[in-house]
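structure.cif (mmCIF, C-alpha atoms and all ligand atoms) appears below.
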```
data_target
loop_
_atom_site.group_PDB
_atom_site.id
_atom_site.type_symbol
_atom_site.label_atom_id
_atom_site.label_comp_id
_atom_site.auth_asym_id
_atom_site.auth_seq_id
_atom_site.Cartn_x
_atom_site.Cartn_y
_atom_site.Cartn_z
ATOM 1 C CA MET A 690 0.000 0.000 0.000
ATOM 2 C CA THR A 691 2.737 2.448 -0.944
ATOM 3 C CA ARG A 692 2.056 3.343 -4.553
ATOM 4 C CA LEU A 693 1.859 7.058 -3.701
ATOM 5 C CA ARG A 694 4.288 7.122 -0.784
ATOM 6 C CA GLY A 695 5.476 10.676 -0.116
ATOM 7 C CA ARG A 696 3.544 12.149 -3.054
ATOM 8 C CA THR A 697 1.259 15.162 -2.603
ATOM 9 C CA ALA A 698 -2.192 15.038 -4.161
ATOM 10 C CA VAL A 699 -4.885 17.719 -4.328
ATOM 11 C CA VAL A 700 -8.432 16.336 -4.584
ATOM 12 C CA THR A 701 -11.410 18.628 -5.242
ATOM 13 C CA GLY A 702 -14.931 17.877 -4.096
ATOM 14 C CA ALA A 703 -13.377 15.801 -1.331
ATOM 15 C CA ALA A 704 -16.136 16.169 1.276
ATOM 16 C CA ALA A 705 -18.393 13.490 -0.197
ATOM 17 C CA GLY A 706 -18.902 10.768 -2.759
ATOM 18 C CA LEU A 707 -16.095 9.972 -5.175
ATOM 19 C CA GLY A 708 -13.780 12.694 -3.854
ATOM 20 C CA ALA A 709 -13.947 11.242 -0.344
ATOM 21 C CA ALA A 710 -13.259 7.733 -1.693
ATOM 22 C CA ILE A 711 -10.307 8.925 -3.796
ATOM 23 C CA THR A 712 -8.889 10.776 -0.789
ATOM 24 C CA ALA A 713 -9.194 7.644 1.373
ATOM 25 C CA ARG A 714 -7.492 5.456 -1.252
ATOM 26 C CA PHE A 715 -4.652 7.913 -1.810
ATOM 27 C CA LEU A 716 -4.058 8.205 1.957
ATOM 28 C CA ALA A 717 -3.997 4.414 2.241
ATOM 29 C CA GLU A 718 -1.298 4.386 -0.469
ATOM 30 C CA GLY A 719 0.925 6.790 1.447
ATOM 31 C CA ALA A 720 0.029 10.132 -0.165
ATOM 32 C CA HIS A 721 -0.336 13.488 1.551
ATOM 33 C CA VAL A 722 -3.714 14.846 0.455
ATOM 34 C CA VAL A 723 -5.025 18.407 0.258
ATOM 35 C CA ALA A 724 -8.795 17.946 0.357
ATOM 36 C CA CYS A 725 -10.686 20.855 -1.224
ATOM 37 C CA ASP A 726 -14.399 21.510 -1.061
ATOM 38 C CA ILE A 727 -16.823 24.410 -1.055
ATOM 39 C CA ARG A 728 -18.645 22.990 1.979
ATOM 40 C CA ASP A 729 -18.223 24.962 5.193
ATOM 41 C CA ASP A 730 -17.740 21.731 7.137
ATOM 42 C CA ILE A 731 -14.887 20.390 4.990
ATOM 43 C CA ALA A 732 -12.453 20.347 7.937
ATOM 44 C CA SER A 733 -14.740 18.335 10.231
ATOM 45 C CA ARG A 734 -15.809 16.086 7.318
ATOM 46 C CA VAL A 735 -12.183 15.240 6.569
ATOM 47 C CA ALA A 736 -11.460 14.536 10.252
ATOM 48 C CA ASP A 737 -14.574 12.327 10.555
ATOM 49 C CA LEU A 738 -13.853 10.428 7.343
ATOM 50 C CA HIS A 739 -10.115 9.870 7.669
ATOM 51 C CA GLY A 740 -9.296 10.212 11.381
ATOM 52 C CA PRO A 741 -7.171 12.726 13.258
ATOM 53 C CA ASP A 742 -3.817 11.204 12.287
ATOM 54 C CA ALA A 743 -4.315 11.085 8.515
ATOM 55 C CA SER A 744 -1.960 13.206 6.397
ATOM 56 C CA VAL A 745 -4.785 15.286 4.983
ATOM 57 C CA THR A 746 -5.270 19.063 4.951
ATOM 58 C CA ALA A 747 -8.727 20.535 4.415
ATOM 59 C CA VAL A 748 -9.083 23.661 2.283
ATOM 60 C CA ARG A 749 -12.447 25.350 1.887
ATOM 61 C CA CYS A 750 -12.532 26.896 -1.582
ATOM 62 C CA ASP A 751 -14.686 27.386 -4.658
ATOM 63 C CA VAL A 752 -12.848 25.690 -7.511
ATOM 64 C CA THR A 753 -14.796 27.587 -10.161
ATOM 65 C CA ARG A 754 -12.857 30.717 -9.137
ATOM 66 C CA THR A 755 -9.192 31.469 -9.783
ATOM 67 C CA GLU A 756 -8.897 32.718 -6.168
ATOM 68 C CA GLY A 757 -10.165 29.332 -4.974
ATOM 69 C CA ALA A 758 -7.642 27.455 -7.088
ATOM 70 C CA GLU A 759 -4.835 29.710 -5.884
ATOM 71 C CA SER A 760 -5.744 29.197 -2.224
ATOM 72 C CA ALA A 761 -5.600 25.418 -2.732
ATOM 73 C CA LEU A 762 -2.206 25.679 -4.445
ATOM 74 C CA GLU A 763 -0.829 27.984 -1.746
ATOM 75 C CA ALA A 764 -1.907 25.565 0.989
ATOM 76 C CA ALA A 765 -0.320 22.599 -0.785
ATOM 77 C CA LEU A 766 2.959 24.382 -1.474
ATOM 78 C CA ALA A 767 3.172 25.862 2.044
ATOM 79 C CA ILE A 768 2.882 22.416 3.629
ATOM 80 C CA HIS A 769 4.436 20.057 1.095
ATOM 81 C CA GLY A 770 6.490 22.223 -1.288
ATOM 82 C CA ARG A 771 5.126 20.609 -4.458
ATOM 83 C CA VAL A 772 2.018 19.010 -5.975
ATOM 84 C CA ASP A 773 2.456 15.666 -7.708
ATOM 85 C CA VAL A 774 -1.187 14.935 -8.515
ATOM 86 C CA LEU A 775 -4.262 17.082 -9.124
ATOM 87 C CA VAL A 776 -7.650 15.320 -9.171
ATOM 88 C CA ASN A 777 -10.361 17.594 -10.580
ATOM 89 C CA ASN A 778 -13.351 15.788 -9.141
ATOM 90 C CA ALA A 779 -15.808 18.500 -8.017
ATOM 91 C CA GLY A 780 -18.946 18.537 -10.150
ATOM 92 C CA ARG A 781 -22.647 17.897 -10.110
ATOM 93 C CA PHE A 782 -25.079 16.055 -12.389
ATOM 94 C CA GLY A 783 -28.105 17.903 -13.694
ATOM 95 C CA GLY A 784 -29.604 19.777 -16.575
ATOM 96 C CA SER A 785 -32.609 19.568 -18.841
ATOM 97 C CA THR A 786 -33.555 19.640 -22.515
ATOM 98 C CA LEU A 787 -32.553 22.520 -24.811
ATOM 99 C CA LEU A 788 -35.850 24.391 -24.659
ATOM 100 C CA ASP A 789 -36.014 24.089 -20.858
ATOM 101 C CA THR A 790 -32.421 25.192 -20.229
ATOM 102 C CA THR A 791 -32.189 28.702 -18.822
ATOM 103 C CA ASP A 792 -29.105 30.885 -19.235
ATOM 104 C CA GLU A 793 -28.475 30.543 -15.500
ATOM 105 C CA GLU A 794 -28.663 26.729 -15.608
ATOM 106 C CA TRP A 795 -26.312 26.562 -18.606
ATOM 107 C CA ASP A 796 -23.812 28.905 -16.948
ATOM 108 C CA PHE A 797 -23.986 26.927 -13.690
ATOM 109 C CA HIS A 798 -23.203 23.573 -15.317
ATOM 110 C CA LEU A 799 -20.446 24.925 -17.524
ATOM 111 C CA ALA A 800 -18.851 26.751 -14.570
ATOM 112 C CA LEU A 801 -18.962 23.878 -12.097
ATOM 113 C CA ASN A 802 -18.316 20.957 -14.443
ATOM 114 C CA LEU A 803 -15.891 22.463 -16.966
ATOM 115 C CA THR A 804 -14.570 25.943 -16.110
ATOM 116 C CA SER A 805 -13.512 24.684 -12.658
ATOM 117 C CA GLN A 806 -11.218 22.122 -14.295
ATOM 118 C CA PHE A 807 -9.761 24.732 -16.667
ATOM 119 C CA VAL A 808 -9.102 27.106 -13.762
ATOM 120 C CA MET A 809 -7.560 24.391 -11.558
ATOM 121 C CA CYS A 810 -5.410 23.028 -14.397
ATOM 122 C CA ARG A 811 -4.135 26.500 -15.313
ATOM 123 C CA THR A 812 -3.197 27.206 -11.707
ATOM 124 C CA PHE A 813 -1.630 23.828 -10.888
ATOM 125 C CA VAL A 814 0.039 22.989 -14.196
ATOM 126 C CA GLY A 815 1.586 26.460 -13.980
ATOM 127 C CA ALA A 816 3.318 25.339 -10.780
ATOM 128 C CA MET A 817 4.028 21.763 -11.896
ATOM 129 C CA VAL A 818 6.079 22.786 -14.939
ATOM 130 C CA ASP A 819 8.642 24.408 -12.605
ATOM 131 C CA GLN A 820 9.000 21.350 -10.334
ATOM 132 C CA ASP A 821 11.770 18.778 -10.518
ATOM 133 C CA GLU A 822 10.863 15.495 -12.201
ATOM 134 C CA ILE A 823 10.126 12.358 -10.194
ATOM 135 C CA THR A 824 10.491 9.187 -12.288
ATOM 136 C CA GLY A 825 10.331 11.353 -15.425
ATOM 137 C CA VAL A 826 7.112 13.190 -14.524
ATOM 138 C CA ARG A 827 6.670 16.698 -13.127
ATOM 139 C CA GLY A 828 2.961 16.417 -12.445
ATOM 140 C CA ARG A 829 -0.161 14.383 -13.106
ATOM 141 C CA VAL A 830 -3.721 15.575 -13.639
ATOM 142 C CA VAL A 831 -6.799 13.364 -13.377
ATOM 143 C CA ASN A 832 -9.970 15.062 -14.630
ATOM 144 C CA MET A 833 -13.364 13.650 -13.708
ATOM 145 C CA ALA A 834 -15.423 13.391 -16.873
ATOM 146 C CA SER A 835 -18.460 11.096 -17.195
ATOM 147 C CA GLN A 836 -19.878 8.490 -19.520
ATOM 148 C CA LEU A 837 -22.430 11.251 -20.172
ATOM 149 C CA GLY A 838 -19.671 13.222 -21.872
ATOM 150 C CA ILE A 839 -19.403 10.338 -24.370
ATOM 151 C CA THR A 840 -23.022 9.181 -24.703
ATOM 152 C CA ALA A 841 -25.940 11.623 -24.690
ATOM 153 C CA PRO A 842 -28.313 11.121 -21.770
ATOM 154 C CA PRO A 843 -31.919 12.307 -21.886
ATOM 155 C CA ALA A 844 -32.369 15.877 -20.595
ATOM 156 C CA ALA A 845 -28.957 16.706 -19.120
ATOM 157 C CA LEU A 846 -27.728 19.220 -21.692
ATOM 158 C CA GLY A 847 -25.478 21.486 -19.618
ATOM 159 C CA TYR A 848 -23.854 18.635 -17.716
ATOM 160 C CA ALA A 849 -23.285 16.422 -20.751
ATOM 161 C CA VAL A 850 -21.774 19.223 -22.848
ATOM 162 C CA ALA A 851 -19.524 20.259 -19.954
ATOM 163 C CA LYS A 852 -18.276 16.688 -19.459
ATOM 164 C CA ALA A 853 -17.596 16.335 -23.189
ATOM 165 C CA GLY A 854 -15.553 19.514 -22.823
ATOM 166 C CA VAL A 855 -13.598 17.922 -19.969
ATOM 167 C CA ILE A 856 -12.556 15.120 -22.310
ATOM 168 C CA GLN A 857 -11.232 17.541 -24.924
ATOM 169 C CA LEU A 858 -9.587 19.711 -22.245
ATOM 170 C CA THR A 859 -7.786 16.566 -21.099
ATOM 171 C CA ARG A 860 -6.535 15.682 -24.578
ATOM 172 C CA GLN A 861 -5.465 19.256 -25.342
ATOM 173 C CA LEU A 862 -3.449 19.620 -22.127
ATOM 174 C CA ALA A 863 -1.892 16.173 -22.571
ATOM 175 C CA VAL A 864 -0.605 17.246 -25.988
ATOM 176 C CA ASP A 865 0.458 20.778 -25.057
ATOM 177 C CA TYR A 866 2.319 19.865 -21.839
ATOM 178 C CA ALA A 867 3.769 16.414 -22.576
ATOM 179 C CA ARG A 868 7.198 17.899 -23.302
ATOM 180 C CA TRP A 869 7.143 19.510 -19.844
ATOM 181 C CA GLY A 870 6.592 16.112 -18.194
ATOM 182 C CA ILE A 871 2.927 16.689 -17.395
ATOM 183 C CA VAL A 872 0.609 13.678 -17.709
ATOM 184 C CA VAL A 873 -3.115 14.397 -18.112
ATOM 185 C CA ASN A 874 -5.925 11.829 -18.195
ATOM 186 C CA ALA A 875 -9.661 11.627 -17.546
ATOM 187 C CA ILE A 876 -11.954 9.119 -15.883
ATOM 188 C CA ALA A 877 -15.437 8.602 -17.317
ATOM 189 C CA PRO A 878 -17.533 6.921 -14.619
ATOM 190 C CA GLY A 879 -20.862 5.312 -15.324
ATOM 191 C CA ARG A 880 -23.543 5.318 -12.645
ATOM 192 C CA ILE A 881 -21.757 5.154 -9.303
ATOM 193 C CA ILE A 882 -23.824 4.663 -6.171
ATOM 194 C CA THR A 883 -22.399 6.968 -3.516
ATOM 195 C CA GLY A 884 -25.419 6.840 -1.203
ATOM 196 C CA ASP A 885 -25.498 10.645 -1.132
ATOM 197 C CA HIS A 886 -28.258 11.138 -3.699
ATOM 198 C CA PRO A 887 -32.044 10.568 -3.559
ATOM 199 C CA GLY A 888 -32.958 6.920 -3.971
ATOM 200 C CA GLU A 889 -29.429 5.624 -3.442
ATOM 201 C CA ARG A 890 -29.677 5.183 0.328
ATOM 202 C CA ALA A 891 -32.808 3.041 -0.115
ATOM 203 C CA TYR A 892 -31.056 1.009 -2.837
ATOM 204 C CA LEU A 893 -28.039 0.378 -0.607
ATOM 205 C CA ASP A 894 -29.964 -0.262 2.616
ATOM 206 C CA GLU A 895 -33.058 -2.097 1.367
ATOM 207 C CA GLY A 896 -32.348 -3.000 -2.256
ATOM 208 C CA THR A 897 -35.213 -0.722 -3.315
ATOM 209 C CA VAL A 898 -34.834 0.316 -6.960
ATOM 210 C CA ASP A 899 -36.259 3.663 -8.100
ATOM 211 C CA ALA A 900 -36.806 4.522 -11.767
ATOM 212 C CA ALA A 901 -33.392 6.163 -12.243
ATOM 213 C CA THR A 902 -31.574 3.221 -10.674
ATOM 214 C CA GLU A 903 -33.596 0.719 -12.706
ATOM 215 C CA PHE A 904 -32.686 2.585 -15.910
ATOM 216 C CA SER A 905 -28.976 2.548 -14.963
ATOM 217 C CA LEU A 906 -29.080 -1.173 -14.143
ATOM 218 C CA SER A 907 -30.784 -1.912 -17.464
ATOM 219 C CA ARG A 908 -27.983 -0.133 -19.367
ATOM 220 C CA THR A 909 -25.033 -1.637 -17.441
ATOM 221 C CA PRO A 910 -23.782 -5.009 -18.732
ATOM 222 C CA PHE A 911 -21.936 -5.775 -15.482
ATOM 223 C CA PRO A 912 -24.495 -7.103 -12.988
ATOM 224 C CA ARG A 913 -24.209 -4.224 -10.522
ATOM 225 C CA LEU A 914 -23.772 -0.482 -10.518
ATOM 226 C CA GLY A 915 -20.487 1.223 -9.706
ATOM 227 C CA ARG A 916 -19.044 1.845 -6.267
ATOM 228 C CA PRO A 917 -16.878 4.811 -5.242
ATOM 229 C CA GLU A 918 -13.972 2.378 -4.725
ATOM 230 C CA ASP A 919 -14.150 1.449 -8.430
ATOM 231 C CA VAL A 920 -13.420 5.059 -9.373
ATOM 232 C CA ALA A 921 -10.834 5.466 -6.611
ATOM 233 C CA GLY A 922 -8.905 2.494 -8.013
ATOM 234 C CA ALA A 923 -8.863 4.071 -11.475
ATOM 235 C CA ALA A 924 -7.721 7.400 -10.002
ATOM 236 C CA LEU A 925 -4.927 5.620 -8.146
ATOM 237 C CA TYR A 926 -3.710 3.992 -11.362
ATOM 238 C CA LEU A 927 -3.667 7.335 -13.200
ATOM 239 C CA ALA A 928 -1.961 9.053 -10.234
ATOM 240 C CA SER A 929 0.772 6.429 -9.885
ATOM 241 C CA ASP A 930 3.982 5.523 -11.679
ATOM 242 C CA ASP A 931 2.114 2.554 -13.227
ATOM 243 C CA SER A 932 0.561 4.874 -15.829
ATOM 244 C CA THR A 933 3.511 7.098 -16.720
ATOM 245 C CA PHE A 934 3.207 6.535 -20.506
ATOM 246 C CA VAL A 935 -0.595 6.898 -20.396
ATOM 247 C CA SER A 936 -1.606 10.457 -21.309
ATOM 248 C CA GLY A 937 -4.591 12.014 -23.038
ATOM 249 C CA SER A 938 -6.667 8.930 -22.337
ATOM 250 C CA VAL A 939 -10.223 8.582 -21.064
ATOM 251 C CA LEU A 940 -10.629 5.620 -18.731
ATOM 252 C CA SER A 941 -14.224 4.384 -18.640
ATOM 253 C CA VAL A 942 -15.310 2.987 -15.273
ATOM 254 C CA ASP A 943 -18.857 2.078 -16.208
ATOM 255 C CA GLY A 944 -19.343 -1.691 -16.110
ATOM 256 C CA GLY A 945 -19.388 -1.710 -19.924
ATOM 257 C CA TRP A 946 -22.189 0.866 -20.468
ATOM 258 C CA THR A 947 -20.428 2.825 -23.212
ATOM 259 C CA ALA A 948 -19.134 -0.334 -24.910
ATOM 260 C CA TYR A 949 -22.627 -1.751 -25.312
HETATM 261 N N1 LIG B 1001 -21.743 9.555 -8.911
HETATM 262 C C1 LIG B 1001 -21.831 9.233 -10.203
HETATM 263 O O1 LIG B 1001 -22.596 8.347 -10.594
HETATM 264 C C2 LIG B 1001 -20.962 9.941 -11.220
HETATM 265 C C3 LIG B 1001 -20.951 9.452 -12.530
HETATM 266 C C4 LIG B 1001 -20.158 10.088 -13.483
HETATM 267 C C5 LIG B 1001 -19.395 11.190 -13.121
HETATM 268 N N2 LIG B 1001 -19.439 11.649 -11.842
HETATM 269 C C6 LIG B 1001 -18.628 12.831 -11.522
HETATM 270 O O2 LIG B 1001 -17.816 12.541 -10.401
HETATM 271 C C7 LIG B 1001 -17.626 13.731 -9.631
HETATM 272 C C8 LIG B 1001 -18.055 13.483 -8.194
HETATM 273 O O3 LIG B 1001 -19.410 13.049 -8.181
HETATM 274 P P1 LIG B 1001 -20.143 12.653 -6.812
HETATM 275 O O4 LIG B 1001 -21.297 11.803 -7.182
HETATM 276 O O5 LIG B 1001 -19.152 12.164 -5.826
HETATM 277 O O6 LIG B 1001 -20.720 14.098 -6.382
HETATM 278 P P2 LIG B 1001 -21.119 14.645 -4.939
HETATM 279 O O7 LIG B 1001 -22.182 15.670 -5.173
HETATM 280 O O8 LIG B 1001 -21.406 13.530 -3.981
HETATM 281 O O9 LIG B 1001 -19.798 15.381 -4.430
HETATM 282 C C9 LIG B 1001 -19.305 16.509 -5.108
HETATM 283 C C10 LIG B 1001 -18.524 17.369 -4.110
HETATM 284 O O10 LIG B 1001 -18.074 18.544 -4.818
HETATM 285 C C11 LIG B 1001 -18.239 19.664 -3.958
HETATM 286 N N3 LIG B 1001 -18.356 20.896 -4.721
HETATM 287 C C12 LIG B 1001 -19.420 21.320 -5.445
HETATM 288 N N4 LIG B 1001 -19.179 22.517 -5.976
HETATM 289 C C13 LIG B 1001 -17.919 22.869 -5.615
HETATM 290 C C14 LIG B 1001 -17.101 24.010 -5.875
HETATM 291 N N5 LIG B 1001 -17.549 25.046 -6.614
HETATM 292 N N6 LIG B 1001 -15.869 24.051 -5.317
HETATM 293 C C15 LIG B 1001 -15.421 23.027 -4.554
HETATM 294 N N7 LIG B 1001 -16.161 21.921 -4.285
HETATM 295 C C16 LIG B 1001 -17.397 21.849 -4.813
HETATM 296 C C17 LIG B 1001 -19.520 19.347 -3.177
HETATM 297 O O11 LIG B 1001 -19.612 20.116 -1.983
HETATM 298 C C18 LIG B 1001 -19.370 17.846 -2.918
HETATM 299 O O12 LIG B 1001 -18.698 17.585 -1.695
HETATM 300 C C19 LIG B 1001 -18.418 14.831 -10.337
HETATM 301 O O13 LIG B 1001 -17.559 15.542 -11.215
HETATM 302 C C20 LIG B 1001 -19.448 14.046 -11.129
HETATM 303 O O14 LIG B 1001 -19.905 14.752 -12.247
HETATM 304 C C21 LIG B 1001 -20.211 11.059 -10.885
#
```
This structure in structure tokens:
Amino acid sequence: MTRLRGRTAVVTGAAAGLGAAITARFLAEGAHVVACDIRDDIASRVADLHGPDASVTAVRCDVTRTEGAESALEAALAIHGRVDVLVNNAGRFGGSTLLDTTDEEWDFHLALNLTSQFVMCRTFVGAMVDQDEITGVRGRVVNMASQLGITAPPAALGYAVAKAGVIQLTRQLAVDYARWGIVVNAIAPGRIITGDHPGERAYLDEGTVDAATEFSLSRTPFPRLGRPEDVAGAALYLASDDSTFVSGSVLSVDGGWTAY
């Protein structure tokens, strides 16, 4: 359990769901983690989730804003002196059809699900390019996309377009910064049951299947839906030396949904 020993990772959206699972997996592999979230209770959440002795620093920030990205970078550099891995995980599903999408809804989804990753990448890659190499790499970025950035879901326009943008952002940065030793990849999860969303608690606790869960099960060849640990394992691979020659890729973690 030492695949990230001594490495510093910044994880956004770390108070819940996939971000909390990625943080836990990285800590278990020996990383120091800077856990960023917009939630006011991020510090107590991190302490509750990972214990008082974990090498994790909570930073409350809004990752859609350059000031938020800079405060996360400053905290990481002040404590650890470098950032080896950035995981751009913060985001939220939602949206509607074209004719029902307001300007405000469109702006919200683009800002949270795409602009945040642009802002964080610009801030962190800017620091990574000046770092010394470790095993031939100066920094790694893992962007959270979605299978819904590859396939078109019903009535989720802003989210789906933003996640498609995340995939192209990933490829563009991988190409532009490869010569600087920066490795950039994306994860495209399918439906992952975190237990934090309506209907999921009942599914986990009682096996009750609501309409959204039934739809996801019907579209997933593997005979279960995803778990946060499935995504955390993919993030660990892309954050570790095991994937050094992997860049510009989109790793589907969807039980075969997009292959079907
Ligand atoms: N759960 C799934 O099935 C699934 C599937 C595909 C992709 N994803 C993607 O994975 C990521 C995590 O999903 P999740 O289900 O764990 O979500 P979640 O809602 O459980 O957690 C997201 C976290 O991001 C934080 N956050 C929101 N806005 C923020 C901001 N402006 N600045 C900083 N933090 C902010 C929230 O406070 C929350 O703690 C998202 O990008 C999502 O689009 C999730």
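Computed from the coordinates, the atom CA of Glu822 of chain A to atom CA of Val873 of chain A distance equals 15.2 Å.
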Result set, the PyMOL selection byres (((chain A and resi 718) around 12) and not hetatm) on current file, as an mmCIF file with C-alpha atoms, keeping the file's coordinate frame:
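Result went into selection.cif, see below:
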```
data_model
loop_
_atom_site.group_PDB
_atom_site.id
_atom_site.type_symbol
_atom_site.label_atom_id
_atom_site.label_comp_id
_atom_site.auth_asym_id
_atom_site.auth_seq_id
_atom_site.Cartn_x
_atom_site.Cartn_y
_atom_site.Cartn_z
ATOM 1 C CA MET A 690 0.000 0.000 0.000
ATOM 2 C CA THR A 691 2.737 2.448 -0.944
ATOM 3 C CA ARG A 692 2.056 3.343 -4.553
ATOM 4 C CA LEU A 693 1.859 7.058 -3.701
ATOM 5 C CA ARG A 694 4.288 7.122 -0.784
ATOM 6 C CA GLY A 695 5.476 10.676 -0.116
ATOM 7 C CA ARG A 696 3.544 12.149 -3.054
ATOM 8 C CA THR A 697 1.259 15.162 -2.603
ATOM 9 C CA ALA A 698 -2.192 15.038 -4.161
ATOM 10 C CA ILE A 711 -10.307 8.925 -3.796
ATOM 11 C CA THR A 712 -8.889 10.776 -0.789
ATOM 12 C CA ALA A 713 -9.194 7.644 1.373
ATOM 13 C CA ARG A 714 -7.492 5.456 -1.252
ATOM 14 C CA PHE A 715 -4.652 7.913 -1.810
ATOM 15 C CA LEU A 716 -4.058 8.205 1.957
ATOM 16 C CA ALA A 717 -3.997 4.414 2.241
ATOM 17 C CA GLY A 719 0.925 6.790 1.447
ATOM 18 C CA ALA A 720 0.029 10.132 -0.165
ATOM 19 C CA HIS A 721 -0.336 13.488 1.551
ATOM 20 C CA VAL A 722 -3.714 14.846 0.455
ATOM 21 C CA ALA A 743 -4.315 11.085 8.515
ATOM 22 C CA SER A 744 -1.960 13.206 6.397
ATOM 23 C CA ALA A 921 -10.834 5.466 -6.611
ATOM 24 C CA GLY A 922 -8.905 2.494 -8.013
ATOM 25 C CA ALA A 924 -7.721 7.400 -10.002
ATOM 26 C CA LEU A 925 -4.927 5.620 -8.146
ATOM 27 C CA TYR A 926 -3.710 3.992 -11.362
ATOM 28 C CA ALA A 928 -1.961 9.053 -10.234
ATOM 29 C CA SER A 929 0.772 6.429 -9.885
#
```
### Message
Counting all atoms listed in the file, what are the residues, protein, DNA or RNA alike, that approach ligand LIG 1001 (chain B) to within 7 Å? I want them as a ChimeraX atom specification.
### Response
/A:701-708,725-728,750-753,778-782,801-802,833-836,877-883,885
Can I get the selected residues back with C-alpha atoms, as a PDB file, in the coordinates of the input?
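Wrote it out as again19.pdb, contents follow:
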```
ATOM      1  CA  THR A 701     -11.410  18.628  -5.242  1.00  0.00           C
ATOM      2  CA  GLY A 702     -14.931  17.877  -4.096  1.00  0.00           C
ATOM      3  CA  ALA A 703     -13.377  15.801  -1.331  1.00  0.00           C
ATOM      4  CA  ALA A 704     -16.136  16.169   1.276  1.00  0.00           C
ATOM      5  CA  ALA A 705     -18.393  13.490  -0.197  1.00  0.00           C
ATOM      6  CA  GLY A 706     -18.902  10.768  -2.759  1.00  0.00           C
ATOM      7  CA  LEU A 707     -16.095   9.972  -5.175  1.00  0.00           C
ATOM      8  CA  GLY A 708     -13.780  12.694  -3.854  1.00  0.00           C
ATOM      9  CA  CYS A 725     -10.686  20.855  -1.224  1.00  0.00           C
ATOM     10  CA  ASP A 726     -14.399  21.510  -1.061  1.00  0.00           C
ATOM     11  CA  ILE A 727     -16.823  24.410  -1.055  1.00  0.00           C
ATOM     12  CA  ARG A 728     -18.645  22.990   1.979  1.00  0.00           C
ATOM     13  CA  CYS A 750     -12.532  26.896  -1.582  1.00  0.00           C
ATOM     14  CA  ASP A 751     -14.686  27.386  -4.658  1.00  0.00           C
ATOM     15  CA  VAL A 752     -12.848  25.690  -7.511  1.00  0.00           C
ATOM     16  CA  THR A 753     -14.796  27.587 -10.161  1.00  0.00           C
ATOM     17  CA  ASN A 778     -13.351  15.788  -9.141  1.00  0.00           C
ATOM     18  CA  ALA A 779     -15.808  18.500  -8.017  1.00  0.00           C
ATOM     19  CA  GLY A 780     -18.946  18.537 -10.150  1.00  0.00           C
ATOM     20  CA  ARG A 781     -22.647  17.897 -10.110  1.00  0.00           C
ATOM     21  CA  PHE A 782     -25.079  16.055 -12.389  1.00  0.00           C
ATOM     22  CA  LEU A 801     -18.962  23.878 -12.097  1.00  0.00           C
ATOM     23  CA  ASN A 802     -18.316  20.957 -14.443  1.00  0.00           C
ATOM     24  CA  MET A 833     -13.364  13.650 -13.708  1.00  0.00           C
ATOM     25  CA  ALA A 834     -15.423  13.391 -16.873  1.00  0.00           C
ATOM     26  CA  SER A 835     -18.460  11.096 -17.195  1.00  0.00           C
ATOM     27  CA  GLN A 836     -19.878   8.490 -19.520  1.00  0.00           C
ATOM     28  CA  ALA A 877     -15.437   8.602 -17.317  1.00  0.00           C
ATOM     29  CA  PRO A 878     -17.533   6.921 -14.619  1.00  0.00           C
ATOM     30  CA  GLY A 879     -20.862   5.312 -15.324  1.00  0.00           C
ATOM     31  CA  ARG A 880     -23.543   5.318 -12.645  1.00  0.00           C
ATOM     32  CA  ILE A 881     -21.757   5.154  -9.303  1.00  0.00           C
ATOM     33  CA  ILE A 882     -23.824   4.663  -6.171  1.00  0.00           C
ATOM     34  CA  THR A 883     -22.399   6.968  -3.516  1.00  0.00           C
ATOM     35  CA  ASP A 885     -25.498  10.645  -1.132  1.00  0.00           C
TER      36      ASP A 885
END
```
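Remark: for Ala844 of chain A, the closest of the candidate residues A:Val831, A:Leu788, A:Leu803, A:Leu862 is A:Leu788 (distances computed over all atoms listed in the file).
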### Message
From the options A:Asp943, A:Glu794, A:Glu889, A:Asp919, which residue's atoms come nearest to Glu903 of chain A, counting all atoms listed in the file?
### Response
A:Glu889
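Among the candidate residues A:Gly815, A:Val872, A:Ala724, A:His769, the one lying nearest to His739 of chain A is A:Ala724, with distances computed using only C-alpha atoms.
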### Task
Decode the PyMOL selection byres (((chain A and resi 812) around 12) and not hetatm) for the given file into explicit residues and return them as a PyMOL selection string.
chain A and resi 752-763+772+775+805-811+813-818+830
Pull C-alpha atoms from the residues just selected and write them as a compact mmCIF listing (two decimals), in the coordinates of the input.
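Result file follows (again-v4.txt):
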```
# COMPACT_ATOMS: atom_id res chain seq x y z
CA VAL A 752 -12.85 25.69 -7.51
CA THR A 753 -14.80 27.59 -10.16
CA ARG A 754 -12.86 30.72 -9.14
CA THR A 755 -9.19 31.47 -9.78
CA GLU A 756 -8.90 32.72 -6.17
CA GLY A 757 -10.16 29.33 -4.97
CA ALA A 758 -7.64 27.46 -7.09
CA GLU A 759 -4.84 29.71 -5.88
CA SER A 760 -5.74 29.20 -2.22
CA ALA A 761 -5.60 25.42 -2.73
CA LEU A 762 -2.21 25.68 -4.44
CA GLU A 763 -0.83 27.98 -1.75
CA VAL A 772 2.02 19.01 -5.98
CA LEU A 775 -4.26 17.08 -9.12
CA SER A 805 -13.51 24.68 -12.66
CA GLN A 806 -11.22 22.12 -14.30
CA PHE A 807 -9.76 24.73 -16.67
CA VAL A 808 -9.10 27.11 -13.76
CA MET A 809 -7.56 24.39 -11.56
CA CYS A 810 -5.41 23.03 -14.40
CA ARG A 811 -4.14 26.50 -15.31
CA PHE A 813 -1.63 23.83 -10.89
CA VAL A 814 0.04 22.99 -14.20
CA GLY A 815 1.59 26.46 -13.98
CA ALA A 816 3.32 25.34 -10.78
CA MET A 817 4.03 21.76 -11.90
CA VAL A 818 6.08 22.79 -14.94
CA VAL A 830 -3.72 15.58 -13.64
```
